$ cat work_28.pdb   # PDB, C-alpha atoms
ATOM      1  CA  MET A   3      18.001  75.688   2.669  1.00  0.00           C
ATOM      2  CA  GLU A   4      21.100  77.712   3.481  1.00  0.00           C
ATOM      3  CA  LYS A   5      23.560  76.297   6.002  1.00  0.00           C
ATOM      4  CA  LYS A   6      24.031  78.515   9.059  1.00  0.00           C
ATOM      5  CA  SER A   7      27.499  79.846   9.729  1.00  0.00           C
ATOM      6  CA  LYS A   8      29.180  79.751  13.125  1.00  0.00           C
ATOM      7  CA  ASN A   9      28.477  83.485  13.489  1.00  0.00           C
ATOM      8  CA  ASP A  10      24.747  82.837  12.997  1.00  0.00           C
ATOM      9  CA  GLU A  11      24.923  80.357  15.857  1.00  0.00           C
ATOM     10  CA  ILE A  12      26.677  82.895  18.102  1.00  0.00           C
ATOM     11  CA  LEU A  13      24.209  85.664  17.370  1.00  0.00           C
ATOM     12  CA  ASN A  14      21.307  83.289  17.839  1.00  0.00           C
ATOM     13  CA  ILE A  15      21.438  83.651  21.624  1.00  0.00           C
ATOM     14  CA  SER A  16      18.660  85.752  23.125  1.00  0.00           C
ATOM     15  CA  THR A  17      19.314  87.940  26.139  1.00  0.00           C
ATOM     16  CA  LEU A  18      17.377  85.511  28.335  1.00  0.00           C
ATOM     17  CA  GLU A  19      19.383  82.566  26.984  1.00  0.00           C
ATOM     18  CA  GLY A  20      22.572  84.520  27.720  1.00  0.00           C
ATOM     19  CA  ASP A  21      21.384  85.239  31.260  1.00  0.00           C
ATOM     20  CA  ILE A  22      20.628  81.557  31.870  1.00  0.00           C
ATOM     21  CA  LEU A  23      23.993  80.468  30.441  1.00  0.00           C
ATOM     22  CA  THR A  24      25.713  83.034  32.686  1.00  0.00           C
ATOM     23  CA  VAL A  25      23.999  81.625  35.783  1.00  0.00           C
ATOM     24  CA  LEU A  26      24.698  78.029  34.798  1.00  0.00           C
ATOM     25  CA  LEU A  27      28.360  78.788  34.109  1.00  0.00           C
ATOM     26  CA  THR A  28      28.774  80.144  37.653  1.00  0.00           C
ATOM     27  CA  ALA A  29      27.644  76.817  39.135  1.00  0.00           C
ATOM     28  CA  ARG A  30      28.347  73.181  38.377  1.00  0.00           C
ATOM     29  CA  GLU A  31      24.678  72.452  37.767  1.00  0.00           C
ATOM     30  CA  LEU A  32      21.356  73.874  38.920  1.00  0.00           C
ATOM     31  CA  TYR A  33      17.692  72.879  38.899  1.00  0.00           C
ATOM     32  CA  GLY A  34      14.904  75.211  37.764  1.00  0.00           C
ATOM     33  CA  LEU A  35      14.091  76.949  41.053  1.00  0.00           C
ATOM     34  CA  GLU A  36      17.794  77.584  41.720  1.00  0.00           C
ATOM     35  CA  ILE A  37      18.139  79.173  38.275  1.00  0.00           C
ATOM     36  CA  LEU A  38      15.200  81.490  39.000  1.00  0.00           C
ATOM     37  CA  GLU A  39      16.588  82.382  42.430  1.00  0.00           C
ATOM     38  CA  LYS A  40      19.867  83.456  40.824  1.00  0.00           C
ATOM     39  CA  LEU A  41      18.260  85.294  37.877  1.00  0.00           C
ATOM     40  CA  ASN A  42      15.466  87.243  39.543  1.00  0.00           C
ATOM     41  CA  PRO A  43      17.171  89.423  42.192  1.00  0.00           C
ATOM     42  CA  GLY A  44      17.512  92.884  40.661  1.00  0.00           C
ATOM     43  CA  ARG A  45      15.728  91.858  37.463  1.00  0.00           C
ATOM     44  CA  PRO A  46      13.227  94.572  36.371  1.00  0.00           C
ATOM     45  CA  ILE A  47      10.594  91.936  35.515  1.00  0.00           C
ATOM     46  CA  SER A  48      10.799  88.635  37.366  1.00  0.00           C
ATOM     47  CA  LEU A  49      11.213  85.539  35.262  1.00  0.00           C
ATOM     48  CA  SER A  50       8.654  82.773  35.807  1.00  0.00           C
ATOM     49  CA  PHE A  51       8.764  79.023  35.286  1.00  0.00           C
ATOM     50  CA  GLY A  52       6.565  79.597  32.211  1.00  0.00           C
ATOM     51  CA  SER A  53       9.425  81.489  30.551  1.00  0.00           C
ATOM     52  CA  LEU A  54      12.304  79.522  32.058  1.00  0.00           C
ATOM     53  CA  TYR A  55      11.488  76.014  30.864  1.00  0.00           C
ATOM     54  CA  PRO A  56      10.817  76.838  27.190  1.00  0.00           C
ATOM     55  CA  THR A  57      14.125  78.735  27.154  1.00  0.00           C
ATOM     56  CA  LEU A  58      15.956  75.786  28.741  1.00  0.00           C
ATOM     57  CA  ASN A  59      14.385  73.556  26.089  1.00  0.00           C
ATOM     58  CA  ARG A  60      15.654  75.832  23.276  1.00  0.00           C
ATOM     59  CA  LEU A  61      19.150  75.847  24.794  1.00  0.00           C
ATOM     60  CA  GLU A  62      19.098  72.059  24.970  1.00  0.00           C
ATOM     61  CA  LYS A  63      17.981  71.748  21.335  1.00  0.00           C
ATOM     62  CA  LYS A  64      20.886  74.004  20.318  1.00  0.00           C
ATOM     63  CA  GLY A  65      23.258  71.724  22.242  1.00  0.00           C
ATOM     64  CA  PHE A  66      24.281  74.497  24.668  1.00  0.00           C
ATOM     65  CA  ILE A  67      23.037  72.756  27.826  1.00  0.00           C
ATOM     66  CA  GLU A  68      22.277  69.244  28.987  1.00  0.00           C
ATOM     67  CA  TRP A  69      20.357  67.854  31.929  1.00  0.00           C
ATOM     68  CA  ARG A  70      20.128  64.864  34.224  1.00  0.00           C
ATOM     69  CA  TRP A  71      17.562  63.632  36.715  1.00  0.00           C
ATOM     70  CA  GLY A  72      18.507  63.988  40.373  1.00  0.00           C
ATOM     71  CA  ASP A  73      18.996  60.934  42.542  1.00  0.00           C
ATOM     72  CA  GLU A  74      16.007  59.357  44.259  1.00  0.00           C
ATOM     73  CA  GLN A  75      17.485  60.358  47.655  1.00  0.00           C
ATOM     74  CA  GLU A  76      17.299  64.006  46.576  1.00  0.00           C
ATOM     75  CA  ARG A  77      13.508  63.859  46.565  1.00  0.00           C
ATOM     76  CA  THR A  78      12.113  66.375  48.999  1.00  0.00           C
ATOM     77  CA  GLY A  79       8.476  65.386  48.873  1.00  0.00           C
ATOM     78  CA  GLY A  80       7.994  67.039  45.484  1.00  0.00           C
ATOM     79  CA  ALA A  81       8.849  66.088  41.961  1.00  0.00           C
ATOM     80  CA  ARG A  82      12.231  64.666  41.110  1.00  0.00           C
ATOM     81  CA  ARG A  83      14.632  67.475  40.185  1.00  0.00           C
ATOM     82  CA  LYS A  84      16.073  68.002  36.729  1.00  0.00           C
ATOM     83  CA  TYR A  85      19.604  69.449  36.899  1.00  0.00           C
ATOM     84  CA  TYR A  86      20.989  71.564  34.057  1.00  0.00           C
ATOM     85  CA  LYS A  87      24.572  72.347  33.076  1.00  0.00           C
ATOM     86  CA  VAL A  88      26.344  74.035  30.187  1.00  0.00           C
ATOM     87  CA  THR A  89      28.002  71.853  27.542  1.00  0.00           C
ATOM     88  CA  GLY A  90      31.418  72.550  26.035  1.00  0.00           C
ATOM     89  CA  LEU A  91      29.718  73.874  22.907  1.00  0.00           C
ATOM     90  CA  GLY A  92      27.500  76.107  25.038  1.00  0.00           C
ATOM     91  CA  ALA A  93      30.494  77.531  26.928  1.00  0.00           C
ATOM     92  CA  ASN A  94      32.405  78.198  23.684  1.00  0.00           C
ATOM     93  CA  VAL A  95      29.473  79.863  21.935  1.00  0.00           C
ATOM     94  CA  PHE A  96      28.664  81.874  25.073  1.00  0.00           C
ATOM     95  CA  ASN A  97      32.253  83.141  25.337  1.00  0.00           C
ATOM     96  CA  GLN A  98      32.210  84.197  21.677  1.00  0.00           C
ATOM     97  CA  TRP A  99      28.822  85.873  22.207  1.00  0.00           C
ATOM     98  CA  GLN A 100      30.236  87.812  25.171  1.00  0.00           C
ATOM     99  CA  ILE A 101      33.191  88.991  23.102  1.00  0.00           C
ATOM    100  CA  TYR A 102      30.809  90.147  20.377  1.00  0.00           C
ATOM    101  CA  ARG A 103      28.598  91.960  22.937  1.00  0.00           C
ATOM    102  CA  SER A 104      31.651  93.642  24.499  1.00  0.00           C
ATOM    103  CA  GLN A 105      32.853  94.844  21.095  1.00  0.00           C
ATOM    104  CA  LEU A 106      29.380  96.137  20.313  1.00  0.00           C
ATOM    105  CA  ALA A 107      29.257  98.012  23.636  1.00  0.00           C
ATOM    106  CA  MET A 108      32.694  99.530  22.965  1.00  0.00           C
ATOM    107  CA  GLN A 109      31.537 100.702  19.537  1.00  0.00           C
ATOM    108  CA  ALA A 110      28.474 102.285  21.090  1.00  0.00           C
ATOM    109  CA  ALA A 111      30.603 104.015  23.750  1.00  0.00           C
ATOM    110  CA  GLN A 112      32.984 105.339  21.097  1.00  0.00           C
ATOM    111  CA  GLY A 113      30.034 106.611  19.083  1.00  0.00           C
ATOM    112  CA  GLN A 114      28.663 108.437  22.109  1.00  0.00           C
ATOM    113  CA  THR A 115      32.068 110.002  22.741  1.00  0.00           C
ATOM    114  CA  ALA A 116      32.328 111.102  19.110  1.00  0.00           C
ATOM    115  CA  LEU A 117      28.809 112.560  19.175  1.00  0.00           C
ATOM    116  CA  GLY A 118      29.388 114.192  22.562  1.00  0.00           C
ATOM    117  CA  SER A 119      32.510 115.977  21.326  1.00  0.00           C
ATOM    118  CA  ILE A 120      30.738 117.739  18.419  1.00  0.00           C
TER     119      ILE A 120
END

$ encode --input "work_28.pdb" --output "structure tokens"
Amino acid sequence: MEKKSKNDEILNISTLEGDILTVLLTARELYGLEILEKLNPGRPISLSFGSLYPTLNRLEKKGFIEWRWGDEQERTGGARRKYYKVTGLGANVFNQWQIYRSQLAMQAAQGQTALGSI
């Protein structure tokens, strides 16, 4: 089996994973409903818990996020909350992914300019 390079790791972030990392990086830590509340406004198709939790699980397996159980006092009559936050590795990979995406967008814009000027 071939060893993955660092670039493979960077490019192995889906758009949804990138969206979740973006939201988590804007806050210290969030639980599932808070993540959805930050992701869904303006989103063409609302994200559900059924899509959120498998994606959080993939991010955790990659080492990009970690979680902790909330304190017992934080119980609000429902289930105990699981709080998620981005790891150092997750922040580094996300920043590199953003740089890559920005460069890709610039290339696309330059290509449109070149095609538009013909």

$ atom_distance --input "work_28.pdb" --atom1 "atom CA of A:Ser50" --atom2 "atom CA of A:Asp21"
13.7 Å

$ residues_around --input "work_28.pdb" --residues "stretch 28-41 of chain A" --least-positions-apart "2" --cutoff "7 Å" --atoms "all atoms listed in the file" --output "list in words"
Thr24, Val25, Leu26, Pro43, Leu49, Arg83, Lys84, Tyr85, Tyr86 and Lys87 of chain A

$ atom_distance --input "work_28.pdb" --atom1 "atom CA of A:Gln98" --atom2 "atom CA of A:Gly44"
25.5 Å

$ closest_residue --input "work_28.pdb" --among "A:Ile22, A:Ser104, A:Gly72, A:Gly90" --to "A:Tyr55" --atoms "all atoms listed in the file"
A:Ile22

$ resolve_selection --input "work_28.pdb" --expression "the PyMOL selection byres ((chain A and resi 68) around 8)" --output "mmCIF file with C-alpha atoms, in the frame of the given file"
data_model
loop_
_atom_site.group_PDB
_atom_site.id
_atom_site.type_symbol
_atom_site.label_atom_id
_atom_site.label_comp_id
_atom_site.auth_asym_id
_atom_site.auth_seq_id
_atom_site.Cartn_x
_atom_site.Cartn_y
_atom_site.Cartn_z
ATOM 1 C CA GLU A 62 19.098 72.059 24.970
ATOM 2 C CA GLY A 65 23.258 71.724 22.242
ATOM 3 C CA PHE A 66 24.281 74.497 24.668
ATOM 4 C CA ILE A 67 23.037 72.756 27.826
ATOM 5 C CA TRP A 69 20.357 67.854 31.929
ATOM 6 C CA ARG A 70 20.128 64.864 34.224
ATOM 7 C CA TYR A 86 20.989 71.564 34.057
ATOM 8 C CA LYS A 87 24.572 72.347 33.076
ATOM 9 C CA VAL A 88 26.344 74.035 30.187
ATOM 10 C CA THR A 89 28.002 71.853 27.542
#

$ atom_distance --input "work_28.pdb" --atom1 "atom CA of A:Trp99" --atom2 "atom CA of A:Asn59"
19.4 Å

$ closest_residue --input "work_28.pdb" --among "A:Leu18, A:Ile101, A:Leu91, A:Leu58" --to "A:Asn42" --atoms "all atoms listed in the file"
A:Leu18

$ closest_residue --input "work_28.pdb" --among "A:Gly113, A:Ser16, A:Leu23, A:Pro56" --to "A:Asn94" --atoms "all atoms listed in the file"
A:Leu23

$ closest_residue --input "work_28.pdb" --among "A:Gln105, A:Gln112, A:Asn97, A:Thr57" --to "A:Thr17" --atoms "all atoms listed in the file"
A:Thr57
